[in-house]
>>> print(open('start-v4.cif').read())   # mmCIF, C-alpha atoms (C1' of nucleotides)
data_structure
#
loop_
_atom_site.group_PDB
_atom_site.id
_atom_site.type_symbol
_atom_site.label_atom_id
_atom_site.label_comp_id
_atom_site.auth_asym_id
_atom_site.auth_seq_id
_atom_site.Cartn_x
_atom_site.Cartn_y
_atom_site.Cartn_z
ATOM 1 C CA MET Z 253 -40.205 -3.165 3.182
ATOM 2 C CA THR Z 254 -36.953 -2.344 1.474
ATOM 3 C CA ASP Z 255 -37.441 1.269 2.476
ATOM 4 C CA CYS Z 256 -34.321 3.198 3.050
ATOM 5 C CA LYS Z 257 -33.639 5.738 5.781
ATOM 6 C CA ILE Z 258 -31.542 8.671 4.700
ATOM 7 C CA GLN Z 259 -28.057 7.752 5.758
ATOM 8 C CA ASN Z 260 -25.178 10.047 6.537
ATOM 9 C CA VAL Z 261 -21.843 9.762 4.798
ATOM 10 C CA GLU Z 262 -20.225 7.920 7.684
ATOM 11 C CA ALA Z 263 -22.948 5.264 7.819
ATOM 12 C CA ILE Z 264 -22.576 4.678 4.110
ATOM 13 C CA ARG Z 265 -18.809 4.524 4.414
ATOM 14 C CA ASP Z 266 -19.189 1.966 7.163
ATOM 15 C CA SER Z 267 -21.347 -0.247 4.948
ATOM 16 C CA ALA Z 268 -18.955 0.250 2.056
ATOM 17 C CA GLY Z 269 -16.123 -0.794 4.347
ATOM 18 C CA GLN Z 270 -17.852 -4.037 5.266
ATOM 19 C CA ALA Z 271 -18.745 -4.856 1.687
ATOM 20 C CA CYS Z 272 -15.233 -3.933 0.617
ATOM 21 C CA SER Z 273 -13.590 -6.289 3.109
ATOM 22 C CA MET Z 274 -15.510 -9.112 1.544
ATOM 23 C CA LEU Z 275 -14.849 -8.031 -2.025
ATOM 24 C CA LYS Z 276 -11.107 -7.856 -1.395
ATOM 25 C CA ILE Z 277 -11.177 -11.512 -0.480
ATOM 26 C CA LEU Z 278 -13.151 -12.497 -3.575
ATOM 27 C CA ALA Z 279 -11.024 -10.338 -5.874
ATOM 28 C CA ASN Z 280 -8.354 -12.931 -6.530
ATOM 29 C CA GLU Z 281 -8.562 -15.460 -9.313
ATOM 30 C CA ASP Z 282 -7.363 -18.404 -7.242
ATOM 31 C CA ARG Z 283 -9.645 -17.683 -4.308
ATOM 32 C CA LEU Z 284 -12.569 -17.150 -6.618
ATOM 33 C CA MET Z 285 -11.891 -20.498 -8.323
ATOM 34 C CA LEU Z 286 -11.794 -22.201 -4.949
ATOM 35 C CA LEU Z 287 -15.008 -20.589 -3.754
ATOM 36 C CA CYS Z 288 -16.643 -21.435 -7.057
ATOM 37 C CA GLN Z 289 -15.846 -25.094 -6.405
ATOM 38 C CA LEU Z 290 -17.066 -24.863 -2.836
ATOM 39 C CA THR Z 291 -20.429 -23.476 -3.924
ATOM 40 C CA GLN Z 292 -21.015 -27.037 -5.131
ATOM 41 C CA GLY Z 293 -20.405 -28.401 -1.637
ATOM 42 C CA GLU Z 294 -17.688 -29.485 0.728
ATOM 43 C CA LYS Z 295 -14.372 -30.551 -0.854
ATOM 44 C CA ASN Z 296 -10.967 -31.593 0.439
ATOM 45 C CA VAL Z 297 -7.719 -29.946 -0.598
ATOM 46 C CA GLY Z 298 -6.772 -32.648 -3.097
ATOM 47 C CA GLU Z 299 -10.135 -32.364 -4.793
ATOM 48 C CA LEU Z 300 -9.781 -28.597 -4.946
ATOM 49 C CA GLU Z 301 -6.296 -28.971 -6.378
ATOM 50 C CA ALA Z 302 -7.557 -31.268 -9.136
ATOM 51 C CA ALA Z 303 -10.510 -29.046 -9.931
ATOM 52 C CA THR Z 304 -8.527 -25.828 -10.144
ATOM 53 C CA ASN Z 305 -4.942 -26.690 -11.158
ATOM 54 C CA ILE Z 306 -3.703 -24.411 -8.432
ATOM 55 C CA GLN Z 307 -0.410 -25.688 -7.055
ATOM 56 C CA GLN Z 308 -0.651 -27.064 -3.562
ATOM 57 C CA PRO Z 309 1.265 -24.522 -1.468
ATOM 58 C CA THR Z 310 -0.489 -21.630 -3.170
ATOM 59 C CA LEU Z 311 -3.816 -23.298 -2.678
ATOM 60 C CA SER Z 312 -3.144 -23.955 0.969
ATOM 61 C CA GLN Z 313 -2.054 -20.355 1.392
ATOM 62 C CA GLN Z 314 -5.256 -19.045 -0.134
ATOM 63 C CA LEU Z 315 -7.345 -21.409 1.969
ATOM 64 C CA THR Z 316 -5.582 -20.007 5.028
ATOM 65 C CA ILE Z 317 -6.680 -16.510 4.037
ATOM 66 C CA LEU Z 318 -10.254 -17.695 3.556
ATOM 67 C CA ARG Z 319 -10.171 -19.443 6.931
ATOM 68 C CA LYS Z 320 -8.774 -16.430 8.808
ATOM 69 C CA ASP Z 321 -11.509 -14.238 7.400
ATOM 70 C CA ASN Z 322 -14.185 -16.765 8.305
ATOM 71 C CA ILE Z 323 -15.202 -17.267 4.706
ATOM 72 C CA VAL Z 324 -14.748 -21.036 4.912
ATOM 73 C CA ASN Z 325 -15.057 -23.770 7.509
ATOM 74 C CA ILE Z 326 -12.551 -26.559 7.863
ATOM 75 C CA ARG Z 327 -13.398 -30.112 8.932
ATOM 76 C CA LYS Z 328 -10.540 -32.530 9.481
ATOM 77 C CA ASP Z 329 -11.072 -36.207 8.726
ATOM 78 C CA GLY Z 330 -7.972 -38.368 8.913
ATOM 79 C CA LYS Z 331 -5.387 -37.053 6.512
ATOM 80 C CA PHE Z 332 -7.962 -35.031 4.679
ATOM 81 C CA ASN Z 333 -9.098 -31.481 5.328
ATOM 82 C CA TYR Z 334 -12.542 -30.692 4.051
ATOM 83 C CA TYR Z 335 -13.555 -27.130 3.313
ATOM 84 C CA SER Z 336 -16.946 -25.522 2.902
ATOM 85 C CA ILE Z 337 -18.283 -21.990 2.595
ATOM 86 C CA ALA Z 338 -19.156 -20.440 5.950
ATOM 87 C CA SER Z 339 -20.380 -17.023 4.895
ATOM 88 C CA ASP Z 340 -23.949 -16.522 3.732
ATOM 89 C CA GLU Z 341 -22.982 -13.183 2.219
ATOM 90 C CA VAL Z 342 -20.309 -14.855 0.107
ATOM 91 C CA ILE Z 343 -22.767 -17.494 -1.054
ATOM 92 C CA GLN Z 344 -25.137 -14.777 -2.210
ATOM 93 C CA VAL Z 345 -22.469 -12.831 -4.066
ATOM 94 C CA MET Z 346 -21.114 -16.007 -5.678
ATOM 95 C CA GLN Z 347 -24.618 -16.742 -6.862
ATOM 96 C CA THR Z 348 -24.908 -13.345 -8.513
ATOM 97 C CA LEU Z 349 -21.466 -13.750 -10.093
ATOM 98 C CA GLY Z 350 -22.412 -17.227 -11.293
ATOM 99 C CA SER Z 351 -25.446 -15.872 -13.057
ATOM 100 C CA LEU Z 352 -23.370 -13.145 -14.718
ATOM 101 C CA TYR Z 353 -20.187 -15.006 -15.647
ATOM 102 C CA GLY Z 354 -20.868 -18.664 -14.939
ATOM 103 C CA CYS Z 355 -22.313 -21.681 -16.686
ATOM 104 C CA ASN Z 356 -25.860 -20.365 -16.667
ATOM 105 C CA LYS Z 357 -24.836 -17.019 -18.062
ATOM 106 C CA MET K 111 -32.964 -23.375 -18.119
ATOM 107 C CA THR K 112 -30.132 -22.653 -15.752
ATOM 108 C CA ASP K 113 -28.672 -26.027 -16.641
ATOM 109 C CA CYS K 114 -24.955 -26.258 -16.514
ATOM 110 C CA LYS K 115 -22.661 -28.048 -18.943
ATOM 111 C CA ILE K 116 -19.712 -29.730 -17.338
ATOM 112 C CA GLN K 117 -16.908 -27.245 -17.765
ATOM 113 C CA ASN K 118 -13.195 -27.904 -17.890
ATOM 114 C CA VAL K 119 -10.789 -26.180 -15.564
ATOM 115 C CA GLU K 120 -9.675 -23.664 -18.146
ATOM 116 C CA ALA K 121 -13.233 -22.585 -18.952
ATOM 117 C CA ILE K 122 -13.919 -22.065 -15.271
ATOM 118 C CA ARG K 123 -10.664 -20.165 -14.847
ATOM 119 C CA ASP K 124 -11.650 -17.944 -17.723
ATOM 120 C CA SER K 125 -14.968 -17.093 -16.084
ATOM 121 C CA ALA K 126 -13.238 -16.553 -12.768
ATOM 122 C CA GLY K 127 -10.815 -14.210 -14.504
ATOM 123 C CA GLN K 128 -13.626 -12.104 -15.923
ATOM 124 C CA ALA K 129 -15.487 -11.947 -12.618
ATOM 125 C CA CYS K 130 -12.229 -11.186 -10.843
ATOM 126 C CA SER K 131 -11.415 -8.217 -13.072
ATOM 127 C CA MET K 132 -14.684 -6.693 -12.054
ATOM 128 C CA LEU K 133 -14.306 -7.511 -8.370
ATOM 129 C CA LYS K 134 -10.855 -5.899 -8.247
ATOM 130 C CA ILE K 135 -12.436 -2.656 -9.345
ATOM 131 C CA LEU K 136 -15.193 -2.842 -6.744
ATOM 132 C CA ALA K 137 -12.806 -3.873 -3.977
ATOM 133 C CA ASN K 138 -11.821 -0.387 -2.941
ATOM 134 C CA GLU K 139 -13.718 1.619 -0.372
ATOM 135 C CA ASP K 140 -13.641 4.873 -2.304
ATOM 136 C CA ARG K 141 -14.702 3.335 -5.610
ATOM 137 C CA LEU K 142 -17.440 1.403 -3.867
ATOM 138 C CA MET K 143 -18.733 4.584 -2.232
ATOM 139 C CA LEU K 144 -18.775 6.312 -5.600
ATOM 140 C CA LEU K 145 -20.573 3.456 -7.326
ATOM 141 C CA CYS K 146 -23.023 3.293 -4.453
ATOM 142 C CA GLN K 147 -23.895 6.935 -5.094
ATOM 143 C CA LEU K 148 -24.162 6.346 -8.828
ATOM 144 C CA THR K 149 -26.641 3.514 -8.347
ATOM 145 C CA GLN K 150 -29.009 6.341 -7.433
ATOM 146 C CA GLY K 151 -28.436 7.993 -10.789
ATOM 147 C CA GLU K 152 -26.125 10.338 -12.648
ATOM 148 C CA LYS K 153 -24.061 12.731 -10.517
ATOM 149 C CA ASN K 154 -21.326 15.268 -11.162
ATOM 150 C CA VAL K 155 -17.959 15.278 -9.440
ATOM 151 C CA GLY K 156 -18.865 17.968 -6.932
ATOM 152 C CA GLU K 157 -21.991 16.096 -5.915
ATOM 153 C CA LEU K 158 -19.976 12.916 -5.520
ATOM 154 C CA GLU K 159 -17.432 14.789 -3.443
ATOM 155 C CA ALA K 160 -20.117 16.109 -1.105
ATOM 156 C CA ALA K 161 -21.808 12.716 -0.797
ATOM 157 C CA THR K 162 -18.643 10.770 -0.041
ATOM 158 C CA ASN K 163 -16.162 13.124 1.622
ATOM 159 C CA ILE K 164 -13.482 11.822 -0.705
ATOM 160 C CA GLN K 165 -10.985 14.557 -1.460
ATOM 161 C CA GLN K 166 -11.233 15.829 -4.979
ATOM 162 C CA PRO K 167 -7.978 14.617 -6.606
ATOM 163 C CA THR K 168 -8.402 11.145 -5.111
ATOM 164 C CA LEU K 169 -11.957 11.065 -6.317
ATOM 165 C CA SER K 170 -10.975 12.127 -9.802
ATOM 166 C CA GLN K 171 -8.263 9.481 -9.844
ATOM 167 C CA GLN K 172 -10.719 6.747 -8.899
ATOM 168 C CA LEU K 173 -13.208 7.972 -11.483
ATOM 169 C CA THR K 174 -10.447 7.693 -14.067
ATOM 170 C CA ILE K 175 -9.973 4.044 -13.137
ATOM 171 C CA LEU K 176 -13.705 3.429 -13.415
ATOM 172 C CA ARG K 177 -13.788 5.167 -16.797
ATOM 173 C CA LYS K 178 -10.829 3.229 -18.227
ATOM 174 C CA ASP K 179 -12.452 -0.037 -17.263
ATOM 175 C CA ASN K 180 -15.763 1.024 -18.793
ATOM 176 C CA ILE K 181 -17.579 0.834 -15.488
ATOM 177 C CA VAL K 182 -18.869 4.378 -15.784
ATOM 178 C CA ASN K 183 -19.888 6.793 -18.514
ATOM 179 C CA ILE K 184 -18.943 10.440 -18.507
ATOM 180 C CA ARG K 185 -21.085 13.246 -19.888
ATOM 181 C CA LYS K 186 -19.629 16.736 -19.982
ATOM 182 C CA ASP K 187 -21.909 19.704 -19.522
ATOM 183 C CA GLY K 188 -20.197 23.061 -19.257
ATOM 184 C CA LYS K 189 -17.798 22.981 -16.337
ATOM 185 C CA PHE K 190 -19.464 19.925 -14.916
ATOM 186 C CA ASN K 191 -18.686 16.286 -15.583
ATOM 187 C CA TYR K 192 -21.566 13.939 -14.956
ATOM 188 C CA TYR K 193 -20.969 10.273 -14.274
ATOM 189 C CA SER K 194 -23.243 7.258 -14.444
ATOM 190 C CA ILE K 195 -22.837 3.486 -14.234
ATOM 191 C CA ALA K 196 -22.209 1.875 -17.629
ATOM 192 C CA SER K 197 -21.912 -1.775 -16.664
ATOM 193 C CA ASP K 198 -24.988 -3.915 -16.176
ATOM 194 C CA GLU K 199 -22.900 -6.498 -14.349
ATOM 195 C CA VAL K 200 -21.774 -3.883 -11.844
ATOM 196 C CA ILE K 201 -25.351 -2.737 -11.322
ATOM 197 C CA GLN K 202 -26.368 -6.312 -10.516
ATOM 198 C CA VAL K 203 -23.525 -6.879 -8.087
ATOM 199 C CA MET K 204 -24.123 -3.533 -6.397
ATOM 200 C CA GLN K 205 -27.729 -4.537 -5.954
ATOM 201 C CA THR K 206 -26.729 -7.774 -4.228
ATOM 202 C CA LEU K 207 -24.249 -5.899 -2.033
ATOM 203 C CA GLY K 208 -26.904 -3.337 -1.210
ATOM 204 C CA SER K 209 -29.241 -6.012 -0.002
ATOM 205 C CA LEU K 210 -26.512 -7.544 2.168
ATOM 206 C CA TYR K 211 -24.815 -4.475 3.601
ATOM 207 C CA GLY K 212 -26.954 -1.539 2.611
ATOM 208 C CA CYS K 213 -29.917 0.382 3.927
ATOM 209 C CA ASN K 214 -32.374 -2.429 3.264
ATOM 210 C CA LYS K 215 -30.170 -5.007 4.982
ATOM 211 C "C1'" DT L 2 9.629 -47.027 12.991
ATOM 212 C "C1'" DT L 3 10.166 -45.833 8.312
ATOM 213 C "C1'" DT L 4 7.768 -44.256 4.350
ATOM 214 C "C1'" DA L 5 4.226 -42.089 1.775
ATOM 215 C "C1'" DT L 6 0.464 -39.030 1.347
ATOM 216 C "C1'" DA L 7 -2.035 -34.813 2.481
ATOM 217 C "C1'" DT L 8 -1.663 -30.398 3.904
ATOM 218 C "C1'" DA L 9 0.242 -26.215 6.122
ATOM 219 C "C1'" DT L 10 3.775 -22.788 7.161
ATOM 220 C "C1'" DT L 11 7.554 -19.630 6.460
ATOM 221 C "C1'" DA L 12 10.371 -16.519 3.903
ATOM 222 C "C1'" DT L 13 11.321 -13.385 0.420
ATOM 223 C "C1'" DA L 14 11.323 -11.100 -4.055
ATOM 224 C "C1'" DA L 15 8.286 -8.973 -7.470
ATOM 225 C "C1'" DA L 16 4.235 -6.674 -8.707
ATOM 226 C "C1'" DT L 17 0.295 -3.994 -7.825
ATOM 227 C "C1'" DT L 18 -2.370 -0.715 -5.334
ATOM 228 C "C1'" DT L 19 -3.047 3.176 -2.417
ATOM 229 C "C1'" DA L 20 -2.038 7.691 -0.403
ATOM 230 C "C1'" DT L 21 -0.486 12.274 -0.906
ATOM 231 C "C1'" DA L 22 1.120 16.401 -2.918
ATOM 232 C "C1'" DA L 23 1.839 19.440 -6.732
ATOM 233 C "C1'" DA L 24 0.815 21.032 -11.126
ATOM 234 C "C1'" DT L 25 -2.275 21.393 -15.166
ATOM 235 C "C1'" DT L 26 -6.439 21.872 -18.123
ATOM 236 C "C1'" DA L 27 -11.141 23.428 -19.211
ATOM 237 C "C1'" DT L 28 -14.996 26.319 -18.812
ATOM 238 C "C1'" DT L 29 -17.395 30.280 -17.229
ATOM 239 C "C1'" DA L 30 -17.821 34.839 -15.241
ATOM 240 C "C1'" DT L 31 -15.849 39.468 -14.585
ATOM 241 C "C1'" DA A 126 -7.363 39.210 -20.641
ATOM 242 C "C1'" DT A 127 -7.860 37.862 -15.631
ATOM 243 C "C1'" DA A 128 -9.776 35.415 -12.108
ATOM 244 C "C1'" DA A 129 -12.542 31.742 -10.241
ATOM 245 C "C1'" DT A 130 -14.509 27.272 -10.272
ATOM 246 C "C1'" DA A 131 -14.596 22.325 -11.658
ATOM 247 C "C1'" DA A 132 -12.015 18.660 -12.631
ATOM 248 C "C1'" DT A 133 -7.960 15.955 -14.309
ATOM 249 C "C1'" DT A 134 -3.202 14.554 -14.557
ATOM 250 C "C1'" DT A 135 1.366 13.488 -12.998
ATOM 251 C "C1'" DA A 136 4.747 11.935 -9.789
ATOM 252 C "C1'" DT A 137 6.344 9.421 -6.056
ATOM 253 C "C1'" DA A 138 6.591 7.216 -1.548
ATOM 254 C "C1'" DA A 139 4.260 3.790 1.328
ATOM 255 C "C1'" DA A 140 1.580 -0.175 1.898
ATOM 256 C "C1'" DT A 141 -0.453 -4.340 0.410
ATOM 257 C "C1'" DT A 142 -0.796 -8.353 -2.395
ATOM 258 C "C1'" DT A 143 0.958 -11.951 -5.193
ATOM 259 C "C1'" DA A 144 4.302 -15.387 -6.789
ATOM 260 C "C1'" DT A 145 7.660 -18.734 -5.790
ATOM 261 C "C1'" DA A 146 10.497 -21.796 -3.351
ATOM 262 C "C1'" DA A 147 11.755 -24.314 0.571
ATOM 263 C "C1'" DT A 148 10.574 -26.435 4.741
ATOM 264 C "C1'" DA A 149 7.609 -28.475 8.187
ATOM 265 C "C1'" DT A 150 3.650 -31.036 10.260
ATOM 266 C "C1'" DA A 151 0.031 -34.609 10.611
ATOM 267 C "C1'" DT A 152 -2.017 -38.905 9.643
ATOM 268 C "C1'" DA A 153 -2.040 -43.446 7.778
ATOM 269 C "C1'" DA A 154 0.073 -47.444 5.739
ATOM 270 C "C1'" DA A 155 3.759 -50.798 5.372
#
>>> encode(input="start-v4.cif", output="structure tokens")
Amino acid sequence: MTDCKIQNVEAIRDSAGQACSMLKILANEDRLMLLCQLTQGEKNVGELEAATNIQQPTLSQQLTILRKDNIVNIRKDGKFNYYSIASDEVIQVMQTLGSLYGCNK
Amino acid sequence: MTDCKIQNVEAIRDSAGQACSMLKILANEDRLMLLCQLTQGEKNVGELEAATNIQQPTLSQQLTILRKDNIVNIRKDGKFNYYSIASDEVIQVMQTLGSLYGCNK
DNA sequence: TTTATATATTATAAATTTATAAATTATTAT
DNA sequence: ATAATAATTTATAAATTTATAATATATAAA
């Protein structure tokens, strides 16, 4: 069921490219902190700020990157903007990272 | 068993930092291609070159990065240098990536 | 309508990474 | 020794990312 057709170099490079696009987004300490928080559920910017100690403009900037790459969803409610993880792939990778480096290491 | 103590911000940042160091290394298309090949077992530089179409000096440069960060082992045999994955964490992450983007997607 | 709170945007300098070319080292075969 | 093959190292320009500061927008409360 997890059988693997022999793939040519270009097919592999294509997969590597996709995986790499995602990894580039995760490979930043601030973004990783934010996503780590969001694995626990939806949070607004103020909550993320408190939980990460990332200064507000930087945080907002990193959230913008995550939004543009469709890694997170935004939901506006009054003055508050609530974020949550949109990408199943990211959830899976965060789970693996959590088991390797996180609280249940 | 996977219970989680409440962690302070600095402890979480520390974990994020460790995970991030690893992700930065994976977040490059060439290095990812190379590691993808090495998940299938030890290979020498020429074999890696043929399997990835990465030009030789670039490939050697990326292998140097992987070596310095203890992601791969090198074993010299005559004119040939054989590489293999040294990091269990990397193996685990590659496995997750493989299931998301790879042949058994 | 003024003020305060929450958040986002813009701009720019500094740092890091990537791409590319040239030169060098190591081992084996002739 | 000389040549050939396998691989690494060095150098540098180009591109991307990160850090930092200043400014702007949106909503709600007074």
>>> atom_distance(input="start-v4.cif", atom1="CA of Thr316 in chain Z", atom2="CA of Val119 in chain K")
22.1 Å
>>> closest_atom_pairs(input="start-v4.cif", of="chain Z", to="chain K", cutoff="10 Å", atoms="all atoms listed in the file", output="CSV")
residue,atom,partner,partner_atom,distance
Z:Met253,CA,K:Asn214,CA,7.9
Z:Thr254,CA,K:Asn214,CA,4.9
Z:Asp255,CA,K:Asn214,CA,6.3
Z:Cys256,CA,K:Cys213,CA,5.3
Z:Lys257,CA,K:Cys213,CA,6.8
Z:Ile258,CA,K:Cys213,CA,8.5
Z:Gln259,CA,K:Cys213,CA,7.8
Z:Asn260,CA,K:Ala161,CA,8.5
Z:Val261,CA,K:Thr162,CA,5.9
Z:Glu262,CA,K:Thr162,CA,8.4
Z:Ala263,CA,K:Cys213,CA,9.4
Z:Ile264,CA,K:Met143,CA,7.4
Z:Arg265,CA,K:Met143,CA,6.6
Z:Asp266,CA,K:Tyr211,CA,9.3
Z:Ser267,CA,K:Tyr211,CA,5.6
Z:Ala268,CA,K:Glu139,CA,5.9
Z:Gly269,CA,K:Glu139,CA,5.8
Z:Gln270,CA,K:Tyr211,CA,7.2
Z:Ala271,CA,K:Tyr211,CA,6.4
Z:Cys272,CA,K:Ala137,CA,5.2
Z:Ser273,CA,K:Ala137,CA,7.5
Z:Met274,CA,K:Ala137,CA,8.1
Z:Leu275,CA,K:Ala137,CA,5.0
Z:Lys276,CA,K:Ala137,CA,5.0
Z:Ile277,CA,K:Ala137,CA,8.6
Z:Leu278,CA,K:Leu133,CA,7.0
Z:Ala279,CA,K:Leu133,CA,5.0
Z:Asn280,CA,K:Cys130,CA,6.1
Z:Glu281,CA,K:Gly127,CA,5.8
Z:Asp282,CA,K:Ala126,CA,8.3
Z:Arg283,CA,K:Ala126,CA,9.3
Z:Leu284,CA,K:Ala126,CA,6.2
Z:Met285,CA,K:Ala126,CA,6.1
Z:Leu286,CA,K:Ala126,CA,9.8
Z:Cys288,CA,K:Ala126,CA,8.2
Z:Gln289,CA,K:Ile122,CA,9.6
Z:Ala302,CA,K:Val119,CA,8.8
Z:Ala303,CA,K:Val119,CA,6.3
Z:Thr304,CA,K:Val119,CA,5.9
Z:Asn305,CA,K:Val119,CA,7.3
Z:Asp340,CA,K:Leu210,CA,9.5
Z:Glu341,CA,K:Leu210,CA,6.7
Z:Val342,CA,K:Leu210,CA,9.8
Z:Gln344,CA,K:Thr206,CA,7.5
Z:Val345,CA,K:Thr206,CA,6.6
Z:Met346,CA,K:Val203,CA,9.7
Z:Gln347,CA,K:Thr206,CA,9.6
Z:Thr348,CA,K:Val203,CA,6.6
Z:Leu349,CA,K:Ala129,CA,6.7
Z:Gly350,CA,K:Ala129,CA,8.8
Z:Ser351,CA,K:Thr112,CA,8.7
Z:Leu352,CA,K:Glu199,CA,6.7
Z:Tyr353,CA,K:Ser125,CA,5.6
Z:Gly354,CA,K:Ser125,CA,6.2
Z:Cys355,CA,K:Cys114,CA,5.3
Z:Asn356,CA,K:Thr112,CA,4.9
Z:Lys357,CA,K:Thr112,CA,8.1
>>> write_last_selection(input="start-v4.cif", atoms="C-alpha atoms", output="PDB file, keeping the file's coordinate frame")
ATOM      1  CA  MET Z 253     -40.205  -3.165   3.182  1.00  0.00           C
ATOM      2  CA  THR Z 254     -36.953  -2.344   1.474  1.00  0.00           C
ATOM      3  CA  ASP Z 255     -37.441   1.269   2.476  1.00  0.00           C
ATOM      4  CA  CYS Z 256     -34.321   3.198   3.050  1.00  0.00           C
ATOM      5  CA  LYS Z 257     -33.639   5.738   5.781  1.00  0.00           C
ATOM      6  CA  ILE Z 258     -31.542   8.671   4.700  1.00  0.00           C
ATOM      7  CA  GLN Z 259     -28.057   7.752   5.758  1.00  0.00           C
ATOM      8  CA  ASN Z 260     -25.178  10.047   6.537  1.00  0.00           C
ATOM      9  CA  VAL Z 261     -21.843   9.762   4.798  1.00  0.00           C
ATOM     10  CA  GLU Z 262     -20.225   7.920   7.684  1.00  0.00           C
ATOM     11  CA  ALA Z 263     -22.948   5.264   7.819  1.00  0.00           C
ATOM     12  CA  ILE Z 264     -22.576   4.678   4.110  1.00  0.00           C
ATOM     13  CA  ARG Z 265     -18.809   4.524   4.414  1.00  0.00           C
ATOM     14  CA  ASP Z 266     -19.189   1.966   7.163  1.00  0.00           C
ATOM     15  CA  SER Z 267     -21.347  -0.247   4.948  1.00  0.00           C
ATOM     16  CA  ALA Z 268     -18.955   0.250   2.056  1.00  0.00           C
ATOM     17  CA  GLY Z 269     -16.123  -0.794   4.347  1.00  0.00           C
ATOM     18  CA  GLN Z 270     -17.852  -4.037   5.266  1.00  0.00           C
ATOM     19  CA  ALA Z 271     -18.745  -4.856   1.687  1.00  0.00           C
ATOM     20  CA  CYS Z 272     -15.233  -3.933   0.617  1.00  0.00           C
ATOM     21  CA  SER Z 273     -13.590  -6.289   3.109  1.00  0.00           C
ATOM     22  CA  MET Z 274     -15.510  -9.112   1.544  1.00  0.00           C
ATOM     23  CA  LEU Z 275     -14.849  -8.031  -2.025  1.00  0.00           C
ATOM     24  CA  LYS Z 276     -11.107  -7.856  -1.395  1.00  0.00           C
ATOM     25  CA  ILE Z 277     -11.177 -11.512  -0.480  1.00  0.00           C
ATOM     26  CA  LEU Z 278     -13.151 -12.497  -3.575  1.00  0.00           C
ATOM     27  CA  ALA Z 279     -11.024 -10.338  -5.874  1.00  0.00           C
ATOM     28  CA  ASN Z 280      -8.354 -12.931  -6.530  1.00  0.00           C
ATOM     29  CA  GLU Z 281      -8.562 -15.460  -9.313  1.00  0.00           C
ATOM     30  CA  ASP Z 282      -7.363 -18.404  -7.242  1.00  0.00           C
ATOM     31  CA  ARG Z 283      -9.645 -17.683  -4.308  1.00  0.00           C
ATOM     32  CA  LEU Z 284     -12.569 -17.150  -6.618  1.00  0.00           C
ATOM     33  CA  MET Z 285     -11.891 -20.498  -8.323  1.00  0.00           C
ATOM     34  CA  LEU Z 286     -11.794 -22.201  -4.949  1.00  0.00           C
ATOM     35  CA  CYS Z 288     -16.643 -21.435  -7.057  1.00  0.00           C
ATOM     36  CA  GLN Z 289     -15.846 -25.094  -6.405  1.00  0.00           C
ATOM     37  CA  ALA Z 302      -7.557 -31.268  -9.136  1.00  0.00           C
ATOM     38  CA  ALA Z 303     -10.510 -29.046  -9.931  1.00  0.00           C
ATOM     39  CA  THR Z 304      -8.527 -25.828 -10.144  1.00  0.00           C
ATOM     40  CA  ASN Z 305      -4.942 -26.690 -11.158  1.00  0.00           C
ATOM     41  CA  ASP Z 340     -23.949 -16.522   3.732  1.00  0.00           C
ATOM     42  CA  GLU Z 341     -22.982 -13.183   2.219  1.00  0.00           C
ATOM     43  CA  VAL Z 342     -20.309 -14.855   0.107  1.00  0.00           C
ATOM     44  CA  GLN Z 344     -25.137 -14.777  -2.210  1.00  0.00           C
ATOM     45  CA  VAL Z 345     -22.469 -12.831  -4.066  1.00  0.00           C
ATOM     46  CA  MET Z 346     -21.114 -16.007  -5.678  1.00  0.00           C
ATOM     47  CA  GLN Z 347     -24.618 -16.742  -6.862  1.00  0.00           C
ATOM     48  CA  THR Z 348     -24.908 -13.345  -8.513  1.00  0.00           C
ATOM     49  CA  LEU Z 349     -21.466 -13.750 -10.093  1.00  0.00           C
ATOM     50  CA  GLY Z 350     -22.412 -17.227 -11.293  1.00  0.00           C
ATOM     51  CA  SER Z 351     -25.446 -15.872 -13.057  1.00  0.00           C
ATOM     52  CA  LEU Z 352     -23.370 -13.145 -14.718  1.00  0.00           C
ATOM     53  CA  TYR Z 353     -20.187 -15.006 -15.647  1.00  0.00           C
ATOM     54  CA  GLY Z 354     -20.868 -18.664 -14.939  1.00  0.00           C
ATOM     55  CA  CYS Z 355     -22.313 -21.681 -16.686  1.00  0.00           C
ATOM     56  CA  ASN Z 356     -25.860 -20.365 -16.667  1.00  0.00           C
ATOM     57  CA  LYS Z 357     -24.836 -17.019 -18.062  1.00  0.00           C
TER      58      LYS Z 357
END
>>> interface_residues(input="start-v4.cif", of="chain L", to="chain Z", cutoff="8 Å", atoms="only C-alpha atoms (C1' of nucleotides)", output="PyMOL selection string")
chain L and resi 7-9
>>> interface_residues(input="start-v4.cif", of="chain A", to="chain K", cutoff="10 Å", atoms="all atoms listed in the file", output="PyMOL selection string")
chain A and resi 130-134
>>> resolve_selection(input="start-v4.cif", expression="the PyMOL selection byres ((chain A and resi 143) around 8)", output="list of chain:residue names")
L:DA16, A:DT142, A:DA144
>>> residues_around(input="start-v4.cif", residues="DA140 in chain A", least_positions_apart="4", cutoff="12 Å", atoms="all atoms listed in the file", output="list of chain:residue names")
L:DT17, L:DT18, L:DT19, L:DA20
